[in-house]
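So this block is structure37.cif, mmCIF, C-alpha atoms:
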```cif
data_my_file
loop_
_atom_site.group_PDB
_atom_site.id
_atom_site.type_symbol
_atom_site.label_atom_id
_atom_site.label_comp_id
_atom_site.auth_asym_id
_atom_site.auth_seq_id
_atom_site.Cartn_x
_atom_site.Cartn_y
_atom_site.Cartn_z
ATOM 1 C CA MET E 1 172.523 16.291 370.945
ATOM 2 C CA GLU E 2 174.570 15.003 373.867
ATOM 3 C CA LEU E 3 176.836 17.348 375.840
ATOM 4 C CA TYR E 4 178.821 15.846 378.712
ATOM 5 C CA GLY E 5 176.399 12.941 378.858
ATOM 6 C CA VAL E 6 173.277 15.112 378.951
ATOM 7 C CA GLU E 7 170.761 14.832 376.130
ATOM 8 C CA ILE E 8 169.643 18.273 374.948
ATOM 9 C CA ASP E 9 166.685 18.634 372.580
ATOM 10 C CA SER E 10 167.513 22.023 371.098
ATOM 11 C CA ARG E 11 170.646 22.929 369.149
ATOM 12 C CA LEU E 12 170.289 26.584 370.038
ATOM 13 C CA LEU E 13 172.007 27.929 373.151
ATOM 14 C CA LEU E 14 170.870 31.395 374.156
ATOM 15 C CA GLY E 15 172.440 34.147 376.237
ATOM 16 C CA THR E 16 170.356 36.021 378.795
ATOM 17 C CA ALA E 17 171.934 39.499 378.648
ATOM 18 C CA GLN E 18 170.836 42.817 377.119
ATOM 19 C CA TYR E 19 167.098 42.136 376.687
ATOM 20 C CA PRO E 20 164.730 45.103 376.983
ATOM 21 C CA SER E 21 163.007 43.518 380.012
ATOM 22 C CA PRO E 22 162.890 40.297 382.034
ATOM 23 C CA ALA E 23 159.498 39.476 380.487
ATOM 24 C CA ILE E 24 160.899 39.792 376.957
ATOM 25 C CA LEU E 25 163.848 37.617 377.960
ATOM 26 C CA ALA E 26 161.477 34.922 379.200
ATOM 27 C CA ASP E 27 159.304 35.123 376.058
ATOM 28 C CA ALA E 28 162.381 35.023 373.804
ATOM 29 C CA VAL E 29 163.697 31.937 375.591
ATOM 30 C CA ARG E 30 160.375 30.190 375.065
ATOM 31 C CA ALA E 31 160.182 31.251 371.400
ATOM 32 C CA SER E 32 163.749 30.056 370.773
ATOM 33 C CA GLY E 33 163.128 26.618 372.218
ATOM 34 C CA ALA E 34 166.658 26.840 373.690
ATOM 35 C CA GLY E 35 167.547 24.068 376.104
ATOM 36 C CA ILE E 36 170.589 25.814 377.552
ATOM 37 C CA LEU E 37 170.929 29.401 378.750
ATOM 38 C CA THR E 38 174.188 31.148 379.565
ATOM 39 C CA VAL E 39 174.370 33.163 382.776
ATOM 40 C CA SER E 40 177.049 34.985 384.724
ATOM 41 C CA LEU E 41 178.012 36.219 388.181
ATOM 42 C CA ARG E 42 178.274 39.863 389.155
ATOM 43 C CA ARG E 43 178.645 41.813 392.378
ATOM 44 C CA GLU E 44 175.520 41.700 394.515
ATOM 45 C CA SER E 45 174.380 44.450 396.857
ATOM 46 C CA GLY E 46 172.881 43.243 400.150
ATOM 47 C CA ARG E 47 170.268 45.954 399.831
ATOM 48 C CA LEU E 48 169.315 45.823 396.112
ATOM 49 C CA ARG E 49 169.560 42.082 395.550
ATOM 50 C CA GLU E 50 169.206 42.221 391.760
ATOM 51 C CA GLY E 51 170.567 38.714 391.372
ATOM 52 C CA GLN E 52 167.882 37.062 393.428
ATOM 53 C CA ASP E 53 165.042 38.124 391.103
ATOM 54 C CA PHE E 54 167.017 37.192 387.999
ATOM 55 C CA TRP E 55 167.802 33.747 389.362
ATOM 56 C CA GLY E 56 164.116 33.231 390.180
ATOM 57 C CA LEU E 57 163.204 34.081 386.576
ATOM 58 C CA ILE E 58 165.788 31.695 385.098
ATOM 59 C CA ALA E 59 164.937 28.865 387.473
ATOM 60 C CA GLY E 60 161.298 29.152 386.360
ATOM 61 C CA LEU E 61 162.186 28.583 382.687
ATOM 62 C CA ASN E 62 163.106 24.945 383.275
ATOM 63 C CA VAL E 63 166.245 24.864 381.133
ATOM 64 C CA LYS E 64 169.838 23.986 381.876
ATOM 65 C CA VAL E 65 172.151 26.856 382.748
ATOM 66 C CA LEU E 66 175.698 27.292 381.522
ATOM 67 C CA PRO E 67 177.531 29.793 383.747
ATOM 68 C CA ASN E 68 180.264 31.807 382.060
ATOM 69 C CA THR E 69 183.466 33.460 383.198
ATOM 70 C CA ALA E 70 182.857 36.536 381.041
ATOM 71 C CA GLY E 71 185.180 39.430 381.705
ATOM 72 C CA CYS E 72 187.971 37.306 383.169
ATOM 73 C CA HIS E 73 191.383 38.186 381.753
ATOM 74 C CA SER E 74 193.520 35.813 383.815
ATOM 75 C CA VAL E 75 193.547 32.127 384.671
ATOM 76 C CA LYS E 76 193.241 32.950 388.366
ATOM 77 C CA GLU E 77 190.151 35.143 387.860
ATOM 78 C CA ALA E 78 188.525 32.520 385.640
ATOM 79 C CA VAL E 79 189.182 29.690 388.091
ATOM 80 C CA THR E 80 187.847 31.631 391.089
ATOM 81 C CA THR E 81 184.788 32.732 389.093
ATOM 82 C CA ALA E 82 184.180 29.129 388.026
ATOM 83 C CA GLN E 83 184.313 27.924 391.609
ATOM 84 C CA MET E 84 181.843 30.599 392.698
ATOM 85 C CA ALA E 85 179.550 29.757 389.760
ATOM 86 C CA ARG E 86 179.533 26.063 390.613
ATOM 87 C CA GLU E 87 178.341 26.799 394.121
ATOM 88 C CA VAL E 88 175.663 29.322 393.166
ATOM 89 C CA PHE E 89 174.277 27.567 390.079
ATOM 90 C CA GLY E 90 174.719 24.007 391.298
ATOM 91 C CA THR E 91 176.289 22.731 388.061
ATOM 92 C CA ASN E 92 179.710 21.517 386.959
ATOM 93 C CA TRP E 93 179.099 22.989 383.512
ATOM 94 C CA LEU E 94 181.147 26.042 382.708
ATOM 95 C CA LYS E 95 181.500 28.264 379.663
ATOM 96 C CA LEU E 96 185.158 29.133 380.090
ATOM 97 C CA GLU E 97 186.216 32.542 378.817
ATOM 98 C CA VAL E 98 189.704 33.902 379.314
ATOM 99 C CA ILE E 99 189.838 37.127 377.358
ATOM 100 C CA GLY E 100 193.149 38.171 375.840
ATOM 101 C CA ASP E 101 192.329 41.393 374.032
ATOM 102 C CA ALA E 102 189.898 44.092 375.100
ATOM 103 C CA ASP E 103 189.033 45.340 371.594
ATOM 104 C CA THR E 104 188.278 42.034 369.923
ATOM 105 C CA LEU E 105 187.421 40.063 373.082
ATOM 106 C CA GLN E 106 189.612 37.401 371.502
ATOM 107 C CA PRO E 107 190.281 34.454 373.796
ATOM 108 C CA ASP E 108 193.700 34.215 375.420
ATOM 109 C CA VAL E 109 194.117 30.662 374.178
ATOM 110 C CA PHE E 110 197.193 30.008 376.333
ATOM 111 C CA GLY E 111 195.360 30.976 379.518
ATOM 112 C CA LEU E 112 192.286 29.142 378.237
ATOM 113 C CA VAL E 113 194.119 25.829 377.949
ATOM 114 C CA GLU E 114 195.731 26.264 381.363
ATOM 115 C CA ALA E 115 192.424 27.156 383.045
ATOM 116 C CA ALA E 116 190.648 24.293 381.251
ATOM 117 C CA ARG E 117 193.170 21.827 382.655
ATOM 118 C CA ILE E 118 192.875 23.160 386.215
ATOM 119 C CA LEU E 119 189.086 23.182 386.111
ATOM 120 C CA THR E 120 188.724 19.752 384.492
ATOM 121 C CA GLU E 121 190.944 18.271 387.198
ATOM 122 C CA ASP E 122 188.655 19.943 389.736
ATOM 123 C CA GLY E 123 185.593 18.188 388.286
ATOM 124 C CA PHE E 124 184.260 20.890 385.978
ATOM 125 C CA GLU E 125 182.781 20.094 382.570
ATOM 126 C CA VAL E 126 184.296 22.846 380.489
ATOM 127 C CA PHE E 127 182.798 24.473 377.378
ATOM 128 C CA PRO E 128 185.751 26.585 376.201
ATOM 129 C CA TYR E 129 185.106 29.763 374.221
ATOM 130 C CA THR E 130 187.998 29.502 371.781
ATOM 131 C CA THR E 131 189.148 30.449 368.306
ATOM 132 C CA GLU E 132 188.931 28.124 365.307
ATOM 133 C CA ASP E 133 192.647 27.252 365.685
ATOM 134 C CA LEU E 134 193.121 23.499 365.233
ATOM 135 C CA VAL E 135 196.163 23.168 367.441
ATOM 136 C CA VAL E 136 194.563 25.076 370.299
ATOM 137 C CA ALA E 137 191.555 22.796 369.906
ATOM 138 C CA GLU E 138 193.833 19.769 370.246
ATOM 139 C CA ARG E 139 195.317 21.223 373.439
ATOM 140 C CA LEU E 140 191.857 21.867 374.859
ATOM 141 C CA ILE E 141 190.847 18.269 374.185
ATOM 142 C CA GLU E 142 194.071 17.094 375.855
ATOM 143 C CA ALA E 143 193.205 19.331 378.820
ATOM 144 C CA GLY E 144 189.946 17.402 379.201
ATOM 145 C CA CYS E 145 187.381 19.435 377.241
ATOM 146 C CA LYS E 146 184.721 17.270 375.603
ATOM 147 C CA VAL E 147 182.987 20.164 373.832
ATOM 148 C CA LEU E 148 184.585 23.012 371.863
ATOM 149 C CA MET E 149 183.045 26.423 371.216
ATOM 150 C CA PRO E 150 184.927 28.303 368.489
ATOM 151 C CA TRP E 151 183.911 31.852 367.703
ATOM 152 C CA GLY E 152 182.180 32.741 364.460
ATOM 153 C CA ALA E 153 183.304 36.373 364.829
ATOM 154 C CA PRO E 154 184.140 38.617 367.810
ATOM 155 C CA ILE E 155 181.453 38.788 370.510
ATOM 156 C CA GLY E 156 178.624 41.163 369.718
ATOM 157 C CA THR E 157 179.751 42.035 366.193
ATOM 158 C CA GLY E 158 177.067 40.115 364.302
ATOM 159 C CA MET E 159 179.485 39.532 361.434
ATOM 160 C CA GLY E 160 178.629 35.850 361.118
ATOM 161 C CA LEU E 161 181.213 33.224 360.222
ATOM 162 C CA ASN E 162 184.480 35.098 359.606
ATOM 163 C CA ASN E 163 186.543 32.038 358.737
ATOM 164 C CA VAL E 164 184.388 29.413 357.105
ATOM 165 C CA TYR E 165 187.460 27.484 355.981
ATOM 166 C CA GLY E 166 188.776 27.327 359.557
ATOM 167 C CA LEU E 167 185.437 26.223 360.948
ATOM 168 C CA ARG E 168 185.078 23.572 358.244
ATOM 169 C CA SER E 169 188.584 22.284 358.982
ATOM 170 C CA LEU E 170 187.798 22.095 362.685
ATOM 171 C CA ARG E 171 184.647 20.104 361.965
ATOM 172 C CA ALA E 172 186.547 17.701 359.732
ATOM 173 C CA HIS E 173 189.367 17.347 362.264
ATOM 174 C CA PHE E 174 187.094 16.532 365.207
ATOM 175 C CA PRO E 175 184.211 14.533 363.733
ATOM 176 C CA ASP E 176 183.169 13.141 367.133
ATOM 177 C CA VAL E 177 183.544 16.203 369.375
ATOM 178 C CA PRO E 178 180.439 18.343 369.871
ATOM 179 C CA LEU E 179 181.227 21.715 368.287
ATOM 180 C CA VAL E 180 179.267 24.873 369.003
ATOM 181 C CA VAL E 181 179.748 28.137 367.119
ATOM 182 C CA ASP E 182 179.752 30.703 369.906
ATOM 183 C CA ALA E 183 179.709 34.449 369.297
ATOM 184 C CA GLY E 184 179.565 36.690 366.259
ATOM 185 C CA ILE E 185 176.292 35.419 364.846
ATOM 186 C CA GLY E 186 174.076 38.282 363.728
ATOM 187 C CA LYS E 187 171.340 36.799 361.567
ATOM 188 C CA PRO E 188 169.497 33.500 361.328
ATOM 189 C CA SER E 189 171.234 32.833 358.005
ATOM 190 C CA HIS E 190 174.578 32.807 359.882
ATOM 191 C CA ALA E 191 173.219 30.219 362.290
ATOM 192 C CA ALA E 192 171.896 28.122 359.424
ATOM 193 C CA ALA E 193 175.308 28.338 357.713
ATOM 194 C CA ALA E 194 177.038 27.069 360.866
ATOM 195 C CA MET E 195 174.631 24.180 361.102
ATOM 196 C CA GLU E 196 175.060 23.371 357.396
ATOM 197 C CA LEU E 197 178.811 23.046 358.071
ATOM 198 C CA GLY E 198 177.927 20.235 360.439
ATOM 199 C CA TYR E 199 178.253 22.159 363.684
ATOM 200 C CA ASP E 200 176.283 20.584 366.485
ATOM 201 C CA ALA E 201 174.826 23.818 367.829
ATOM 202 C CA VAL E 202 175.130 27.593 367.978
ATOM 203 C CA LEU E 203 175.290 29.934 370.942
ATOM 204 C CA LEU E 204 174.132 33.510 370.510
ATOM 205 C CA ASN E 205 172.831 36.381 372.556
ATOM 206 C CA THR E 206 173.129 39.880 371.083
ATOM 207 C CA ALA E 207 171.495 38.911 367.768
ATOM 208 C CA VAL E 208 168.274 38.115 369.622
ATOM 209 C CA ALA E 209 168.459 40.487 372.590
ATOM 210 C CA LYS E 210 169.207 43.615 370.526
ATOM 211 C CA ALA E 211 166.857 42.848 367.629
ATOM 212 C CA GLY E 212 163.899 45.200 367.205
ATOM 213 C CA ASP E 213 161.611 42.319 368.166
ATOM 214 C CA PRO E 214 163.646 39.878 370.257
ATOM 215 C CA VAL E 215 160.850 37.334 370.602
ATOM 216 C CA ALA E 216 160.219 37.129 366.847
ATOM 217 C CA MET E 217 163.971 36.940 366.206
ATOM 218 C CA ALA E 218 164.293 34.113 368.729
ATOM 219 C CA GLY E 219 161.676 32.216 366.738
ATOM 220 C CA ALA E 220 163.524 32.945 363.489
ATOM 221 C CA PHE E 221 166.747 31.534 364.946
ATOM 222 C CA LYS E 222 164.921 28.425 366.099
ATOM 223 C CA LEU E 223 163.751 27.793 362.515
ATOM 224 C CA ALA E 224 167.176 28.595 361.046
ATOM 225 C CA VAL E 225 168.991 26.182 363.348
ATOM 226 C CA GLU E 226 166.506 23.444 362.544
ATOM 227 C CA ALA E 227 166.728 24.172 358.802
ATOM 228 C CA GLY E 228 170.519 24.168 358.851
ATOM 229 C CA ARG E 229 170.710 20.916 360.770
ATOM 230 C CA THR E 230 168.171 19.221 358.505
ATOM 231 C CA ALA E 231 170.081 20.457 355.451
ATOM 232 C CA TYR E 232 173.378 19.103 356.807
ATOM 233 C CA LEU E 233 171.845 15.679 357.383
ATOM 234 C CA ALA E 234 170.324 15.782 353.885
ATOM 235 C CA ASP E 235 173.861 15.963 352.384
ATOM 236 C CA PRO E 236 173.998 19.219 350.390
ATOM 237 C CA ILE E 237 175.457 19.255 346.877
ATOM 238 C CA GLU E 238 178.974 20.587 346.292
ATOM 239 C CA PRO E 239 179.289 23.941 344.527
ATOM 240 C CA ARG E 240 180.773 23.784 340.997
ATOM 241 C CA ASP E 241 182.083 26.341 338.525
ATOM 242 C CA MET E 242 180.310 25.235 335.346
ATOM 243 C CA ALA E 243 176.559 25.469 334.870
ATOM 244 C CA ALA E 244 174.706 22.176 334.583
ATOM 245 C CA PRO E 245 171.154 22.172 333.250
ATOM 246 C CA SER E 246 168.634 20.989 335.777
ATOM 247 C CA THR E 247 166.016 20.381 333.097
ATOM 248 C CA PRO E 248 166.771 17.249 331.008
ATOM 249 C CA VAL E 249 168.436 18.022 327.673
ATOM 250 C CA PHE E 250 167.242 14.739 326.122
ATOM 251 C CA GLY E 251 163.847 15.041 324.412
ATOM 252 C CA ARG E 252 164.090 18.776 323.851
ATOM 253 C CA ALA E 253 162.016 19.867 320.820
ATOM 254 C CA SER E 254 164.087 20.930 317.802
ATOM 255 C CA LEU E 255 162.825 24.423 317.074
ATOM 256 C CA ALA E 256 165.862 26.258 315.761
ATOM 257 C CA MET J 1 188.036 46.858 410.975
ATOM 258 C CA LYS J 2 188.348 48.246 407.487
ATOM 259 C CA LEU J 3 187.350 45.829 404.707
ATOM 260 C CA ILE J 4 186.960 46.262 400.950
ATOM 261 C CA VAL J 5 183.557 44.851 400.007
ATOM 262 C CA ASN J 6 182.851 44.639 396.279
ATOM 263 C CA GLY J 7 185.309 47.444 395.720
ATOM 264 C CA ASP J 8 183.941 49.763 398.429
ATOM 265 C CA GLU J 9 185.657 50.461 401.736
ATOM 266 C CA ARG J 10 183.511 49.422 404.722
ATOM 267 C CA GLU J 11 184.082 49.637 408.474
ATOM 268 C CA LEU J 12 182.703 46.463 410.047
ATOM 269 C CA GLY J 13 182.991 45.027 413.567
ATOM 270 C CA VAL J 14 183.178 41.396 412.492
ATOM 271 C CA ARG J 15 185.621 38.507 412.938
ATOM 272 C CA ASP J 16 184.824 36.171 410.059
ATOM 273 C CA LEU J 17 183.193 36.091 406.620
ATOM 274 C CA ALA J 18 179.876 34.684 407.853
ATOM 275 C CA GLU J 19 179.555 37.592 410.297
ATOM 276 C CA ALA J 20 180.438 40.038 407.544
ATOM 277 C CA LEU J 21 177.671 38.693 405.286
ATOM 278 C CA SER J 22 175.177 39.005 408.137
ATOM 279 C CA ALA J 23 176.279 42.536 408.941
ATOM 280 C CA LEU J 24 175.918 43.473 405.261
ATOM 281 C CA ASP J 25 172.371 42.084 405.072
ATOM 282 C CA TYR J 26 173.015 39.074 402.816
ATOM 283 C CA ASP J 27 171.635 36.501 405.247
ATOM 284 C CA ASP J 28 169.153 34.669 403.014
ATOM 285 C CA ALA J 29 170.596 35.764 399.643
ATOM 286 C CA ILE J 30 172.011 33.334 397.083
ATOM 287 C CA VAL J 31 175.584 34.540 396.792
ATOM 288 C CA ALA J 32 179.088 33.187 396.336
ATOM 289 C CA THR J 33 182.107 34.680 398.023
ATOM 290 C CA ALA J 34 185.816 35.199 397.550
ATOM 291 C CA VAL J 35 188.403 36.740 399.874
ATOM 292 C CA ASN J 36 191.537 38.288 398.387
ATOM 293 C CA GLY J 37 190.849 36.565 395.072
ATOM 294 C CA ASP J 38 190.315 33.068 396.471
ATOM 295 C CA PHE J 39 186.939 31.314 396.477
ATOM 296 C CA VAL J 40 185.464 30.694 399.924
ATOM 297 C CA PRO J 41 182.714 28.039 399.891
ATOM 298 C CA ALA J 42 179.568 28.806 401.885
ATOM 299 C CA ARG J 43 180.381 26.086 404.419
ATOM 300 C CA ALA J 44 183.788 27.645 405.115
ATOM 301 C CA ARG J 45 182.618 31.217 405.693
ATOM 302 C CA ALA J 46 182.333 30.954 409.494
ATOM 303 C CA ALA J 47 185.840 29.497 409.678
ATOM 304 C CA THR J 48 187.312 32.193 407.445
ATOM 305 C CA ALA J 49 188.775 34.848 409.741
ATOM 306 C CA LEU J 50 189.075 38.327 408.280
ATOM 307 C CA SER J 51 191.933 40.778 408.648
ATOM 308 C CA GLU J 52 192.239 44.511 408.190
ATOM 309 C CA GLY J 53 192.148 45.443 404.496
ATOM 310 C CA ASP J 54 190.856 42.088 403.213
ATOM 311 C CA ARG J 55 189.117 42.274 399.844
ATOM 312 C CA ILE J 56 185.748 40.518 399.876
ATOM 313 C CA GLU J 57 183.798 39.792 396.701
ATOM 314 C CA ILE J 58 180.118 38.868 396.980
ATOM 315 C CA VAL J 59 178.453 37.843 393.715
ATOM 316 C CA SER J 60 175.102 36.487 392.585
ATOM 317 C CA PRO J 61 173.459 35.220 389.384
ATOM 318 C CA ARG J 62 173.284 37.730 386.573
ATOM 319 C CA GLN J 63 172.491 37.962 382.869
ATOM 320 C CA GLY J 64 175.273 36.579 380.689
ATOM 321 C CA GLY J 65 176.118 35.662 377.130
#
```
Written form, structure tokens:
Amino acid sequence: MELYGVEIDSRLLLGTAQYPSPAILADAVRASGAGILTVSLRRESGRLREGQDFWGLIAGLNVKVLPNTAGCHSVKEAVTTAQMAREVFGTNWLKLEVIGDADTLQPDVFGLVEAARILTEDGFEVFPYTTEDLVVAERLIEAGCKVLMPWGAPIGTGMGLNNVYGLRSLRAHFPDVPLVVDAGIGKPSHAAAAMELGYDAVLLNTAVAKAGDPVAMAGAFKLAVEAGRTAYLADPIEPRDMAAPSTPVFGRASLA
Amino acid sequence: MKLIVNGDERELGVRDLAEALSALDYDDAIVATAVNGDFVPARARAATALSEGDRIEIVSPRQGG
């Protein structure tokens, strides 16, 4: 899979938040085989220095990082956060979030498009967290985005793919744009379903971090993403209403 | 002068952002900074004069989804 000219082996992108411990985070990352980890920026205390240890842990995992602008509700906040992230993480990659509603964490797609344009012009390579709306997707592409990350369901809900029709339409509409289902995935079967739709990758966090056994769940997601991708490439059959015998009818013994 | 550092009011005898970071014990820490909502690159901190009441944000890498 190629994202902004970088070849990435794994089609699973993993978040780094909410794990029971740093050691479990590191083990889950290894079990997932993820090639990209999302990270964020938060206030640092000169005395406590929590960020320094975390950054040491991530740097030791030898994967690409995708900084986010989580929690930003305005274009201005998102742009400033992006600029700070670029300096600290040393990457132009950015998972752009501009949140429009506190209950659903639904993207403010108007602010998202505006921020994407500003950041692309400033040299960022933007991974926009968006909805499955086709027209918004068009605007994001026009703004310079070369990857789109529609939600499966609201962040942290684990509901899976809420609008399969919308996601399928998006895939059909943008056959050549890398598409990543980001957010809402709760179980490996959801990830496999996204991959079977032809999505290039999935991004998840809570489903692994809050599982009873995050490391085992990370491994399960790795298998599901691989299974879904393999299934997509193998060209699945179309569902049909009428039954069709799988065992040949011809040559059946006459026993009635 | 009075400055707002990561949301907390601090009294610091400093002239610029680089001095403020030193005074607050961030010298060798990996952090990014903003003043009054605008990003200030590391190389521009010494040239960024501070004024009474300025809001300084100092952030570092953290877990994210």
Taking only C-alpha atoms into account, name the residue in E:Leu105, E:Ile118, E:Val126, E:Val113 that is nearest to Glu142 (chain E).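 Closest candidate: E:Val113.
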Atom pair CA of Gly35 (chain E) / CA of Thr81 (chain E): separation (Å): 23.3 Å
The PyMOL selection byres ((chain J) within 10 of (chain E)) - which residues does that actually catch in the file I just gave you? List them as an MDAnalysis selection string. chainID J and resid 5:7 21:34 37:42 57:65
For the structure provided, state which residues fall under the PyMOL selection byres ((chain J and resi 51) around 12), and present them as a list in words.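 Applied to this file, the PyMOL selection byres ((chain J and resi 51) around 12) returns Met1, Lys2, Leu3, Ile4, Glu11, Leu12, Gly13, Val14, Arg15, Asp16, Leu17, Ala20, Val35, Asn36, Thr48, Ala49, Leu50, Glu52, Gly53, Asp54, Arg55 and Ile56 of chain J.
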Would you mind reading off the distance between CA of Gly111 (chain E) and CA of Val65 (chain E), one decimal, in Å?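 Those two atoms sit 23.8 Å apart.
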Name the residues captured by the PyMOL selection byres ((chain E and resi 92) around 6) when it is applied to the shown file; answer as a list in words.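 What the PyMOL selection byres ((chain E and resi 92) around 6) grabs from the file is Arg86, Thr91, Trp93, Phe124 and Glu125 of chain E.
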Please report the interatomic distance between CA of Arg240 (chain E) and CA of Asn163 (chain E) in Å with one decimal.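 Computing it gives 20.4 Å between the two atoms.
Remark: for Ile36 (chain E), the closest of the candidate residues E:Val202, E:Ala194, E:Leu134, E:Ala115 is E:Val202 (distances computed over all atoms listed in the file).
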Restricting to all atoms listed in the file, whichever of E:His173, E:Arg117, E:Pro188, E:Leu148 is closest to Ala211 (chain E) is E:Pro188
Give me the residues within 10 Å of Arg11 (chain E) as a PyMOL selection string, counting all atoms listed in the file and dropping any in the same chain fewer than 3 places off. chain E and resi 1+8+14+33-36+180+195+199-203+222+225-226+229
Quick one: everything within 8 Å of Leu161 (chain E), counting only C-alpha atoms, minus sequence neighbours fewer than 4 positions away in the same chain. Send it as a PDB file with C-alpha atoms, keeping the file's coordinate frame.
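Saved the output as part.pdb:
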```pdb
ATOM      1  CA  GLY E 152     182.180  32.741 364.460  1.00  0.00           C
ATOM      2  CA  ALA E 153     183.304  36.373 364.829  1.00  0.00           C
ATOM      3  CA  GLY E 184     179.565  36.690 366.259  1.00  0.00           C
ATOM      4  CA  ILE E 185     176.292  35.419 364.846  1.00  0.00           C
ATOM      5  CA  HIS E 190     174.578  32.807 359.882  1.00  0.00           C
ATOM      6  CA  ALA E 194     177.038  27.069 360.866  1.00  0.00           C
TER       7      ALA E 194
END
```
Kindly complete region 56-62 of chain J to all heavy atoms; the output should be written as an mmCIF file, in the frame of the given file.
```cif
data_model
loop_
_atom_site.group_PDB
_atom_site.id
_atom_site.type_symbol
_atom_site.label_atom_id
_atom_site.label_comp_id
_atom_site.auth_asym_id
_atom_site.auth_seq_id
_atom_site.Cartn_x
_atom_site.Cartn_y
_atom_site.Cartn_z
ATOM 1 N N ILE J 56 186.835 41.504 399.929
ATOM 2 C CA ILE J 56 185.748 40.518 399.876
ATOM 3 C C ILE J 56 184.935 40.762 398.607
ATOM 4 O O ILE J 56 184.559 41.899 398.318
ATOM 5 C CB ILE J 56 184.816 40.655 401.097
ATOM 6 C CG1 ILE J 56 185.622 40.502 402.392
ATOM 7 C CG2 ILE J 56 183.684 39.631 401.039
ATOM 8 C CD1 ILE J 56 184.806 40.820 403.628
ATOM 9 N N GLU J 57 184.695 39.703 397.858
ATOM 10 C CA GLU J 57 183.798 39.792 396.701
ATOM 11 C C GLU J 57 182.555 38.955 396.992
ATOM 12 O O GLU J 57 182.657 37.805 397.447
ATOM 13 C CB GLU J 57 184.480 39.273 395.433
ATOM 14 C CG GLU J 57 185.617 40.165 394.930
ATOM 15 C CD GLU J 57 185.144 41.495 394.341
ATOM 16 O OE1 GLU J 57 184.003 41.571 393.839
ATOM 17 O OE2 GLU J 57 185.923 42.468 394.408
ATOM 18 N N ILE J 58 181.395 39.550 396.752
ATOM 19 C CA ILE J 58 180.118 38.868 396.980
ATOM 20 C C ILE J 58 179.333 38.968 395.674
ATOM 21 O O ILE J 58 178.983 40.071 395.230
ATOM 22 C CB ILE J 58 179.335 39.526 398.131
ATOM 23 C CG1 ILE J 58 180.196 39.571 399.405
ATOM 24 C CG2 ILE J 58 178.026 38.782 398.384
ATOM 25 C CD1 ILE J 58 179.672 40.500 400.473
ATOM 26 N N VAL J 59 179.089 37.827 395.039
ATOM 27 C CA VAL J 59 178.453 37.843 393.715
ATOM 28 C C VAL J 59 177.191 36.988 393.706
ATOM 29 O O VAL J 59 177.007 36.122 394.563
ATOM 30 C CB VAL J 59 179.431 37.344 392.619
ATOM 31 C CG1 VAL J 59 180.633 38.259 392.505
ATOM 32 C CG2 VAL J 59 179.854 35.909 392.892
ATOM 33 N N SER J 60 176.351 37.251 392.714
ATOM 34 C CA SER J 60 175.102 36.487 392.585
ATOM 35 C C SER J 60 174.788 36.313 391.102
ATOM 36 O O SER J 60 175.437 36.909 390.245
ATOM 37 C CB SER J 60 173.976 37.224 393.302
ATOM 38 O OG SER J 60 173.575 38.323 392.540
ATOM 39 N N PRO J 61 173.795 35.468 390.789
ATOM 40 C CA PRO J 61 173.459 35.220 389.384
ATOM 41 C C PRO J 61 173.101 36.509 388.644
ATOM 42 O O PRO J 61 172.431 37.387 389.174
ATOM 43 C CB PRO J 61 172.234 34.301 389.472
ATOM 44 C CG PRO J 61 172.393 33.598 390.775
ATOM 45 C CD PRO J 61 172.994 34.629 391.686
ATOM 46 N N ARG J 62 173.555 36.557 387.397
ATOM 47 C CA ARG J 62 173.284 37.730 386.573
ATOM 48 C C ARG J 62 173.184 37.315 385.107
ATOM 49 O O ARG J 62 173.653 36.252 384.721
ATOM 50 C CB ARG J 62 174.402 38.747 386.756
ATOM 51 C CG ARG J 62 173.954 40.185 386.638
ATOM 52 C CD ARG J 62 172.910 40.639 387.665
ATOM 53 N NE ARG J 62 173.424 41.587 388.630
ATOM 54 C CZ ARG J 62 173.487 41.362 389.933
ATOM 55 N NH1 ARG J 62 173.086 40.224 390.438
ATOM 56 N NH2 ARG J 62 173.941 42.285 390.743
#
```
